[in-house]
file target04.cif (mmCIF, C-alpha atoms)
data_work
loop_
_atom_site.group_PDB
_atom_site.id
_atom_site.type_symbol
_atom_site.label_atom_id
_atom_site.label_comp_id
_atom_site.auth_asym_id
_atom_site.auth_seq_id
_atom_site.Cartn_x
_atom_site.Cartn_y
_atom_site.Cartn_z
ATOM 1 C CA MET B 19 -143.589 150.570 45.788
ATOM 2 C CA GLN B 20 -143.529 154.285 46.398
ATOM 3 C CA LEU B 21 -140.603 156.551 45.897
ATOM 4 C CA GLY B 22 -138.781 157.434 49.130
ATOM 5 C CA LEU B 23 -139.066 160.734 50.893
ATOM 6 C CA GLU B 24 -135.349 161.420 50.371
ATOM 7 C CA TYR B 25 -135.743 161.895 46.612
ATOM 8 C CA TYR B 26 -138.274 164.679 47.040
ATOM 9 C CA LEU B 27 -136.352 166.336 49.876
ATOM 10 C CA VAL B 28 -133.101 166.325 47.879
ATOM 11 C CA LEU B 29 -134.893 167.869 44.875
ATOM 12 C CA SER B 30 -136.437 170.448 47.198
ATOM 13 C CA ALA B 31 -133.017 171.290 48.677
ATOM 14 C CA LEU B 32 -131.536 171.702 45.181
ATOM 15 C CA LEU B 33 -134.355 174.002 44.037
ATOM 16 C CA PHE B 34 -134.000 176.076 47.216
ATOM 17 C CA THR B 35 -130.253 176.374 46.641
ATOM 18 C CA ILE B 36 -130.741 177.552 43.066
ATOM 19 C CA GLY B 37 -133.074 180.225 44.427
ATOM 20 C CA VAL B 38 -130.489 181.340 47.005
ATOM 21 C CA ILE B 39 -127.723 181.492 44.371
ATOM 22 C CA GLY B 40 -130.034 183.542 42.150
ATOM 23 C CA VAL B 41 -130.662 186.061 44.918
ATOM 24 C CA LEU B 42 -126.907 186.295 45.527
ATOM 25 C CA ILE B 43 -125.658 186.676 41.953
ATOM 26 C CA ARG B 44 -128.423 188.638 40.186
ATOM 27 C CA ARG B 45 -128.848 192.367 40.681
ATOM 28 C CA ASN B 46 -132.153 192.777 38.853
ATOM 29 C CA ALA B 47 -134.912 193.238 41.444
ATOM 30 C CA ILE B 48 -137.506 191.367 39.351
ATOM 31 C CA ILE B 49 -135.279 188.318 38.983
ATOM 32 C CA ILE B 50 -134.508 188.408 42.713
ATOM 33 C CA PHE B 51 -138.268 188.286 43.265
ATOM 34 C CA MET B 52 -138.596 185.273 40.974
ATOM 35 C CA CYS B 53 -135.844 183.523 42.934
ATOM 36 C CA ILE B 54 -137.786 184.121 46.158
ATOM 37 C CA GLU B 55 -140.786 182.450 44.499
ATOM 38 C CA LEU B 56 -138.501 179.546 43.593
ATOM 39 C CA MET B 57 -137.479 179.148 47.247
ATOM 40 C CA LEU B 58 -141.104 179.262 48.428
ATOM 41 C CA ASN B 59 -141.940 176.552 45.909
ATOM 42 C CA ALA B 60 -139.093 174.357 47.097
ATOM 43 C CA ALA B 61 -140.504 174.632 50.627
ATOM 44 C CA ASN B 62 -143.956 173.727 49.287
ATOM 45 C CA LEU B 63 -142.544 170.598 47.672
ATOM 46 C CA ALA B 64 -141.006 169.505 50.982
ATOM 47 C CA PHE B 65 -144.315 170.204 52.762
ATOM 48 C CA VAL B 66 -146.311 168.036 50.357
ATOM 49 C CA ALA B 67 -143.745 165.218 50.337
ATOM 50 C CA ILE B 68 -143.629 164.998 54.144
ATOM 51 C CA SER B 69 -147.421 165.309 54.293
ATOM 52 C CA ARG B 70 -147.703 162.263 52.029
ATOM 53 C CA ASN B 71 -145.237 160.272 54.098
ATOM 54 C CA LEU B 72 -147.006 161.001 57.370
ATOM 55 C CA GLY B 73 -150.425 160.374 55.823
ATOM 56 C CA ASP B 74 -151.455 163.727 57.249
ATOM 57 C CA PRO B 75 -153.186 166.358 55.057
ATOM 58 C CA ASP B 76 -152.038 169.273 57.284
ATOM 59 C CA GLY B 77 -148.917 169.775 55.160
ATOM 60 C CA GLN B 78 -151.058 170.534 52.118
ATOM 61 C CA LEU B 79 -153.020 173.130 54.072
ATOM 62 C CA PHE B 80 -149.759 174.925 54.849
ATOM 63 C CA VAL B 81 -149.013 174.998 51.116
ATOM 64 C CA PHE B 82 -152.215 176.981 50.581
ATOM 65 C CA PHE B 83 -151.239 179.495 53.231
ATOM 66 C CA VAL B 84 -147.764 179.815 51.711
ATOM 67 C CA MET B 85 -149.362 180.462 48.307
ATOM 68 C CA ALA B 86 -151.672 183.137 49.746
ATOM 69 C CA VAL B 87 -148.780 184.911 51.455
ATOM 70 C CA ALA B 88 -146.692 184.642 48.273
ATOM 71 C CA ALA B 89 -149.481 186.237 46.248
ATOM 72 C CA ALA B 90 -149.732 189.147 48.694
ATOM 73 C CA GLU B 91 -145.950 189.516 48.759
ATOM 74 C CA VAL B 92 -145.699 189.598 44.964
ATOM 75 C CA ALA B 93 -148.411 192.262 44.685
ATOM 76 C CA ILE B 94 -146.693 194.536 47.235
ATOM 77 C CA GLY B 95 -143.194 193.818 45.915
ATOM 78 C CA LEU B 96 -144.058 194.573 42.309
ATOM 79 C CA ALA B 97 -145.837 197.788 43.358
ATOM 80 C CA ILE B 98 -142.661 198.846 45.196
ATOM 81 C CA ILE B 99 -140.541 197.955 42.153
ATOM 82 C CA VAL B 100 -142.810 200.011 39.870
ATOM 83 C CA SER B 101 -142.656 203.031 42.169
ATOM 84 C CA VAL B 102 -138.857 202.731 42.589
ATOM 85 C CA PHE B 103 -138.520 202.542 38.815
ATOM 86 C CA LYS B 104 -140.618 205.676 38.379
ATOM 87 C CA HIS B 105 -138.346 207.616 40.733
ATOM 88 C CA ARG B 106 -134.905 206.286 39.762
ATOM 89 C CA GLU B 107 -135.261 204.792 36.248
ATOM 90 C CA THR B 108 -133.535 201.615 37.424
ATOM 91 C CA ILE B 109 -134.315 198.438 39.316
ATOM 92 C CA ASN B 110 -130.706 197.393 39.797
ATOM 93 C CA VAL B 111 -130.546 196.771 43.547
ATOM 94 C CA ASP B 112 -126.952 198.068 43.733
ATOM 95 C CA GLU B 113 -128.045 201.485 42.482
ATOM 96 C CA VAL B 114 -131.035 201.704 44.824
ATOM 97 C CA ASN B 115 -129.011 202.270 47.993
ATOM 98 C CA SER B 116 -130.390 205.408 49.620
ATOM 99 C CA LEU B 117 -131.202 203.541 52.836
ATOM 100 C CA LYS B 118 -127.577 202.568 53.309
ATOM 101 C CA GLY B 119 -126.589 204.813 56.236
ATOM 102 C CA MET K 109 -137.571 151.578 37.431
ATOM 103 C CA ASN K 110 -141.245 151.871 38.279
ATOM 104 C CA PRO K 111 -143.420 154.509 36.587
ATOM 105 C CA GLU K 112 -143.353 156.858 39.586
ATOM 106 C CA MET K 113 -139.559 156.954 39.538
ATOM 107 C CA ILE K 114 -139.404 157.635 35.783
ATOM 108 C CA LEU K 115 -141.957 160.445 36.086
ATOM 109 C CA PHE K 116 -140.164 161.828 39.150
ATOM 110 C CA PHE K 117 -136.880 162.060 37.284
ATOM 111 C CA ILE K 118 -138.532 163.672 34.240
ATOM 112 C CA PHE K 119 -140.379 166.292 36.293
ATOM 113 C CA GLY K 120 -137.419 166.798 38.624
ATOM 114 C CA ALA K 121 -135.014 167.345 35.732
ATOM 115 C CA VAL K 122 -137.409 169.765 34.011
ATOM 116 C CA SER K 123 -137.906 171.785 37.193
ATOM 117 C CA LEU K 124 -134.152 171.926 37.911
ATOM 118 C CA ILE K 125 -133.338 172.982 34.329
ATOM 119 C CA GLY K 126 -136.094 175.601 34.480
ATOM 120 C CA ALA K 127 -134.766 176.915 37.793
ATOM 121 C CA ILE K 128 -131.209 177.185 36.460
ATOM 122 C CA ALA K 129 -132.557 178.957 33.370
ATOM 123 C CA VAL K 130 -134.332 181.486 35.625
ATOM 124 C CA ILE K 131 -131.047 182.627 37.135
ATOM 125 C CA SER K 132 -128.956 182.442 33.958
ATOM 126 C CA PHE K 133 -130.981 184.286 31.301
ATOM 127 C CA ARG K 134 -130.102 187.957 30.952
ATOM 128 C CA HIS K 135 -133.532 189.058 29.784
ATOM 129 C CA PRO K 136 -136.196 188.991 32.560
ATOM 130 C CA ILE K 137 -138.905 187.809 30.128
ATOM 131 C CA TYR K 138 -137.000 184.577 29.453
ATOM 132 C CA SER K 139 -136.482 184.129 33.195
ATOM 133 C CA ALA K 140 -140.221 184.519 33.808
ATOM 134 C CA LEU K 141 -141.067 181.966 31.104
ATOM 135 C CA SER K 142 -138.541 179.499 32.552
ATOM 136 C CA LEU K 143 -140.128 179.997 35.967
ATOM 137 C CA ILE K 144 -143.490 179.007 34.481
ATOM 138 C CA VAL K 145 -141.904 175.790 33.163
ATOM 139 C CA THR K 146 -140.565 175.086 36.672
ATOM 140 C CA PHE K 147 -143.995 175.666 38.207
ATOM 141 C CA PHE K 148 -145.645 173.266 35.754
ATOM 142 C CA ALA K 149 -143.058 170.565 36.492
ATOM 143 C CA GLN K 150 -143.669 171.059 40.194
ATOM 144 C CA ALA K 151 -147.404 170.679 39.622
ATOM 145 C CA GLY K 152 -146.546 167.314 38.038
ATOM 146 C CA LEU K 153 -144.562 166.374 41.154
ATOM 147 C CA PHE K 154 -147.549 167.316 43.330
ATOM 148 C CA VAL K 155 -149.729 164.970 41.270
ATOM 149 C CA LEU K 156 -147.154 162.206 41.817
ATOM 150 C CA LEU K 157 -147.424 162.868 45.556
ATOM 151 C CA GLY K 158 -151.212 162.465 45.411
ATOM 152 C CA ALA K 159 -151.894 166.145 46.074
ATOM 153 C CA HIS K 160 -154.150 166.766 43.092
ATOM 154 C CA PHE K 161 -155.841 169.890 44.404
ATOM 155 C CA VAL K 162 -152.507 171.492 45.317
ATOM 156 C CA ALA K 163 -151.297 170.752 41.777
ATOM 157 C CA ALA K 164 -154.364 172.460 40.285
ATOM 158 C CA VAL K 165 -153.930 175.486 42.556
ATOM 159 C CA GLN K 166 -150.221 175.613 41.676
ATOM 160 C CA VAL K 167 -151.066 175.880 37.965
ATOM 161 C CA ILE K 168 -153.945 178.324 38.430
ATOM 162 C CA VAL K 169 -152.459 180.643 41.063
ATOM 163 C CA TYR K 170 -148.705 180.431 40.504
ATOM 164 C CA ALA K 171 -148.292 179.692 36.807
ATOM 165 C CA GLY K 172 -151.420 181.704 36.029
ATOM 166 C CA ALA K 173 -152.019 184.707 38.234
ATOM 167 C CA ILE K 174 -148.625 185.412 39.811
ATOM 168 C CA MET K 175 -146.596 184.952 36.621
ATOM 169 C CA VAL K 176 -149.011 187.113 34.639
ATOM 170 C CA LEU K 177 -148.335 189.833 37.222
ATOM 171 C CA PHE K 178 -144.572 189.401 36.721
ATOM 172 C CA LEU K 179 -144.827 189.496 32.930
ATOM 173 C CA PHE K 180 -147.133 192.517 33.127
ATOM 174 C CA VAL K 181 -144.628 194.482 35.217
ATOM 175 C CA ILE K 182 -141.677 193.463 33.023
ATOM 176 C CA MET K 183 -143.518 194.625 29.914
ATOM 177 C CA LEU K 184 -144.895 197.757 31.621
ATOM 178 C CA LEU K 185 -141.427 198.916 32.653
ATOM 179 C CA ASN K 186 -139.816 197.726 29.403
ATOM 180 C CA LEU K 187 -136.982 196.197 31.402
ATOM 181 C CA GLY K 188 -135.308 194.270 28.606
ATOM 182 C CA THR K 189 -133.306 197.239 27.448
ATOM 183 C CA LEU K 190 -131.542 198.089 30.708
ATOM 184 C CA SER K 191 -130.986 194.667 32.192
ATOM 185 C CA ALA K 192 -127.685 194.190 30.376
ATOM 186 C CA LYS K 193 -125.504 195.536 33.217
ATOM 187 C CA GLY K 194 -127.023 192.966 35.524
ATOM 188 C CA ALA K 195 -125.158 190.196 37.243
ATOM 189 C CA LEU K 196 -122.150 190.286 39.525
ATOM 190 C CA THR K 197 -118.844 189.486 37.948
ATOM 191 C CA GLY K 198 -115.698 187.533 38.714
ATOM 192 C CA LYS K 199 -114.701 186.842 42.299
ATOM 193 C CA LEU K 200 -117.978 187.771 44.009
ATOM 194 C CA LYS K 201 -119.931 185.474 41.714
ATOM 195 C CA GLY K 202 -117.528 182.623 42.495
ATOM 196 C CA VAL K 203 -117.959 183.195 46.227
ATOM 197 C CA ALA K 204 -121.748 183.197 45.838
ATOM 198 C CA ILE K 205 -121.706 179.934 43.889
ATOM 199 C CA VAL K 206 -119.355 178.237 46.391
ATOM 200 C CA LEU K 207 -121.640 179.305 49.262
ATOM 201 C CA GLY K 208 -124.628 177.988 47.309
ATOM 202 C CA ILE K 209 -122.965 174.608 46.755
ATOM 203 C CA LEU K 210 -122.183 174.411 50.490
ATOM 204 C CA LEU K 211 -125.862 175.090 51.232
ATOM 205 C CA ALA K 212 -126.907 172.382 48.757
ATOM 206 C CA VAL K 213 -124.567 169.871 50.408
ATOM 207 C CA GLN K 214 -126.032 170.706 53.821
ATOM 208 C CA GLY K 215 -129.580 170.358 52.511
ATOM 209 C CA ILE K 216 -128.871 166.994 50.896
ATOM 210 C CA TYR K 217 -127.132 165.781 54.063
ATOM 211 C CA ILE K 218 -130.192 166.689 56.134
ATOM 212 C CA ALA K 219 -132.561 165.104 53.609
ATOM 213 C CA VAL K 220 -130.625 161.844 53.495
ATOM 214 C CA ASN K 221 -129.201 161.389 56.978
ATOM 215 C CA ALA K 222 -130.815 163.506 59.644
ATOM 216 C CA LEU K 223 -134.278 162.044 59.080
ATOM 217 C CA LYS K 224 -133.096 158.557 60.017
ATOM 218 C CA ASN K 225 -133.997 158.719 63.701
ATOM 219 C CA THR K 226 -137.318 160.456 63.310
ATOM 220 C CA ALA K 227 -140.866 159.230 62.932
ATOM 221 C CA LEU K 228 -140.667 160.075 59.226
ATOM 222 C CA GLN K 229 -138.342 157.168 58.581
ATOM 223 C CA ASP K 230 -140.795 154.585 59.896
ATOM 224 C CA ALA K 231 -143.937 156.193 58.569
ATOM 225 C CA GLU K 232 -145.561 154.036 55.940
ATOM 226 C CA ALA K 233 -146.249 156.195 52.914
ATOM 227 C CA ALA K 234 -149.978 156.837 52.793
ATOM 228 C CA THR K 235 -151.637 155.097 49.895
ATOM 229 C CA GLU K 236 -154.864 157.076 49.661
ATOM 230 C CA THR K 237 -154.682 160.535 48.145
ATOM 231 C CA VAL K 238 -155.859 163.598 50.042
ATOM 232 C CA THR K 239 -159.143 164.646 48.472
ATOM 233 C CA THR K 240 -160.472 168.144 47.991
ATOM 234 C CA TYR K 241 -163.227 167.191 50.437
ATOM 235 C CA THR K 242 -160.686 166.562 53.216
ATOM 236 C CA ILE K 243 -158.886 169.826 52.495
ATOM 237 C CA GLY K 244 -162.090 171.846 52.517
ATOM 238 C CA GLU K 245 -163.236 170.242 55.753
ATOM 239 C CA LEU K 246 -159.909 170.979 57.490
ATOM 240 C CA LEU K 247 -159.831 174.519 56.142
ATOM 241 C CA PHE K 248 -163.180 175.341 57.756
ATOM 242 C CA SER K 249 -162.682 173.491 61.037
ATOM 243 C CA LYS K 250 -159.130 173.073 62.340
ATOM 244 C CA TYR K 251 -157.623 175.899 60.266
ATOM 245 C CA LEU K 252 -160.508 178.343 60.394
ATOM 246 C CA LEU K 253 -158.559 181.063 62.227
ATOM 247 C CA PRO K 254 -155.485 180.941 59.922
ATOM 248 C CA PHE K 255 -157.891 180.974 56.978
ATOM 249 C CA GLU K 256 -159.520 184.194 58.199
ATOM 250 C CA VAL K 257 -156.123 185.737 59.007
ATOM 251 C CA THR K 258 -155.055 184.950 55.427
ATOM 252 C CA SER K 259 -157.953 187.020 54.159
ATOM 253 C CA LEU K 260 -156.733 189.889 56.349
ATOM 254 C CA ILE K 261 -153.244 189.558 54.838
ATOM 255 C CA LEU K 262 -154.704 189.780 51.349
ATOM 256 C CA LEU K 263 -156.762 192.816 52.381
ATOM 257 C CA ALA K 264 -153.640 194.462 53.831
ATOM 258 C CA ALA K 265 -151.772 193.776 50.584
ATOM 259 C CA LEU K 266 -154.627 195.299 48.578
ATOM 260 C CA ILE K 267 -154.681 198.468 50.694
ATOM 261 C CA GLY K 268 -150.882 198.641 50.684
ATOM 262 C CA VAL K 269 -150.708 198.563 46.896
ATOM 263 C CA ILE K 270 -153.394 201.239 46.580
ATOM 264 C CA VAL K 271 -151.557 203.498 49.056
ATOM 265 C CA LEU K 272 -148.268 203.020 47.217
ATOM 266 C CA VAL K 273 -149.766 203.930 43.853
ATOM 267 C CA LYS K 274 -151.860 206.797 45.220
ATOM 268 C CA ARG K 275 -148.913 208.530 46.907
ATOM 269 C CA GLU K 276 -147.100 208.229 43.605
ATOM 270 C CA ASN K 277 -149.821 210.226 41.831
ATOM 271 C CA GLN K 278 -149.946 212.963 44.474
ATOM 272 C CA THR K 279 -146.201 213.665 44.326
ATOM 273 C CA GLU K 280 -146.386 213.939 40.555
ATOM 274 C CA ASN K 281 -149.185 216.465 40.686
#
call {"tool": "encode", "arguments": {"input": "target04.cif", "output": "structure tokens"}}
result
Amino acid sequence: MQLGLEYYLVLSALLFTIGVIGVLIRRNAIIIFMCIELMLNAANLAFVAISRNLGDPDGQLFVFFVMAVAAAEVAIGLAIIVSVFKHRETINVDEVNSLKG
Amino acid sequence: MNPEMILFFIFGAVSLIGAIAVISFRHPIYSALSLIVTFFAQAGLFVLLGAHFVAAVQVIVYAGAIMVLFLFVIMLLNLGTLSAKGALTGKLKGVAIVLGILLAVQGIYIAVNALKNTALQDAEAATETVTTYTIGELLFSKYLLPFEVTSLILLAALIGVIVLVKRENQTEN
């Protein structure tokens, strides 16, 4: 007997929620980035679980594309964080607010 | 309790604890290490789901390459010293957590109930695992265009990072 789809989807929803809460309550740009990775991983888990249940490997292919985009996003994001830090000596997102009107 | 269920609860608990640790540690290094634990537990879940190649890529790309990048930046910027005045306090934090719990309830409701009338409910869970051979074949036939576009995204990221760093040097000179 295989474990039902609901178990994996509930775990995925919980991981996604922890990522959202992290983005909301933390002000450190690096930790916000890690929380975004957490949310992407929760989506990956749902993709693979549904792919298994449908007997269709397409879901796993999407996981690879998500991983590729996440890698590109992390490279750009960390470069932006490094250059912001060089200019302002902080990565607290509340203090980096020049774009706010 | 069959073996899959026991392993699911072990890996699920480890990944949830790791995820909570990511958002609760003050020091970014500890958060990054907790995130690696979460990624490893998720690789275990992928193995349970029969996605062996995805699990390997998860460990190599996420837990390996991406987290090394995170740790490198944290150490490069020496962030531990100024992260103390980090998180929100008091009322705002409470609001954020209440909103998060609402989101979790919605997600669980969808996972448990809303799938009932869809094809997913009737689908018999596939018994054979998806092999690397199948993935490679799909990647170079049905998903050839997305595959090539992915390489363009990576190229754009590469050029973007170089431009960001280069402009930095010119303003300093």
call {"tool": "closest_atom_pairs", "arguments": {"input": "target04.cif", "of": "range 64-84 of chain B", "to": "range 30-37 of chain B", "cutoff": "12 Å", "atoms": "all atoms listed in the file", "output": "JSON lines"}}
result
{"residue": "B:Ala64", "atom": "CA", "partner": "B:Ser30", "partner_atom": "CA", "distance": 6.0}
{"residue": "B:Phe65", "atom": "CA", "partner": "B:Ser30", "partner_atom": "CA", "distance": 9.6}
{"residue": "B:Val66", "atom": "CA", "partner": "B:Ser30", "partner_atom": "CA", "distance": 10.6}
{"residue": "B:Ala67", "atom": "CA", "partner": "B:Ser30", "partner_atom": "CA", "distance": 9.5}
{"residue": "B:Ile68", "atom": "CA", "partner": "B:Ser30", "partner_atom": "CA", "distance": 11.4}
call {"tool": "write_last_selection", "arguments": {"input": "target04.cif", "atoms": "C-alpha atoms", "output": "compact mmCIF listing (two decimals), in the frame of the given file"}}
result
# COMPACT_ATOMS: atom_id res chain seq x y z
CA ALA B 64 -141.01 169.50 50.98
CA PHE B 65 -144.32 170.20 52.76
CA VAL B 66 -146.31 168.04 50.36
CA ALA B 67 -143.74 165.22 50.34
CA ILE B 68 -143.63 165.00 54.14
call {"tool": "resolve_selection", "arguments": {"input": "target04.cif", "expression": "the PyMOL selection byres ((chain B) within 6 of (chain K))", "output": "VMD selection string"}}
result
chain B and resid 24 27 to 28 31 to 32 35 39 to 40 43 to 45 70 to 73 90 94
call {"tool": "closest_residue", "arguments": {"input": "target04.cif", "among": "B:Asn46, B:Gly22, B:Asn115, B:Leu29", "to": "Phe119 in chain K", "atoms": "all atoms listed in the file"}}
result
B:Leu29
call {"tool": "atom_distance", "arguments": {"input": "target04.cif", "atom1": "CA of Ala61 in chain B", "atom2": "CA of Val81 in chain B"}}
result
8.5 Å
call {"tool": "residues_around", "arguments": {"input": "target04.cif", "residues": "Phe80 in chain B", "least_positions_apart": "3", "cutoff": "9 Å", "atoms": "all atoms listed in the file", "output": "MDAnalysis selection string"}}
result
chainID B and resid 62 65:66 76:77 83:85
call {"tool": "atom_distance", "arguments": {"input": "target04.cif", "atom1": "CA of Glu256 in chain K", "atom2": "CA of Phe82 in chain B"}}
result
12.8 Å
call {"tool": "atom_distance", "arguments": {"input": "target04.cif", "atom1": "CA of Leu115 in chain K", "atom2": "CA of Ala149 in chain K"}}
result
10.2 Å
call {"tool": "closest_residue", "arguments": {"input": "target04.cif", "among": "B:Val38, B:Ala93, B:Ile98, B:Leu21", "to": "Ile50 in chain B", "atoms": "all atoms listed in the file"}}
result
B:Val38
call {"tool": "axis_aligned_box", "arguments": {"input": "target04.cif", "around": "range 48-60 of chain B", "padding_each_side": "6 Å", "output": "lines of an AutoDock Vina configuration file"}}
result
center_x = -138.2
center_y = 182.9
center_z = 43.7
size_x = 19.4
size_y = 29.0
size_z = 21.4
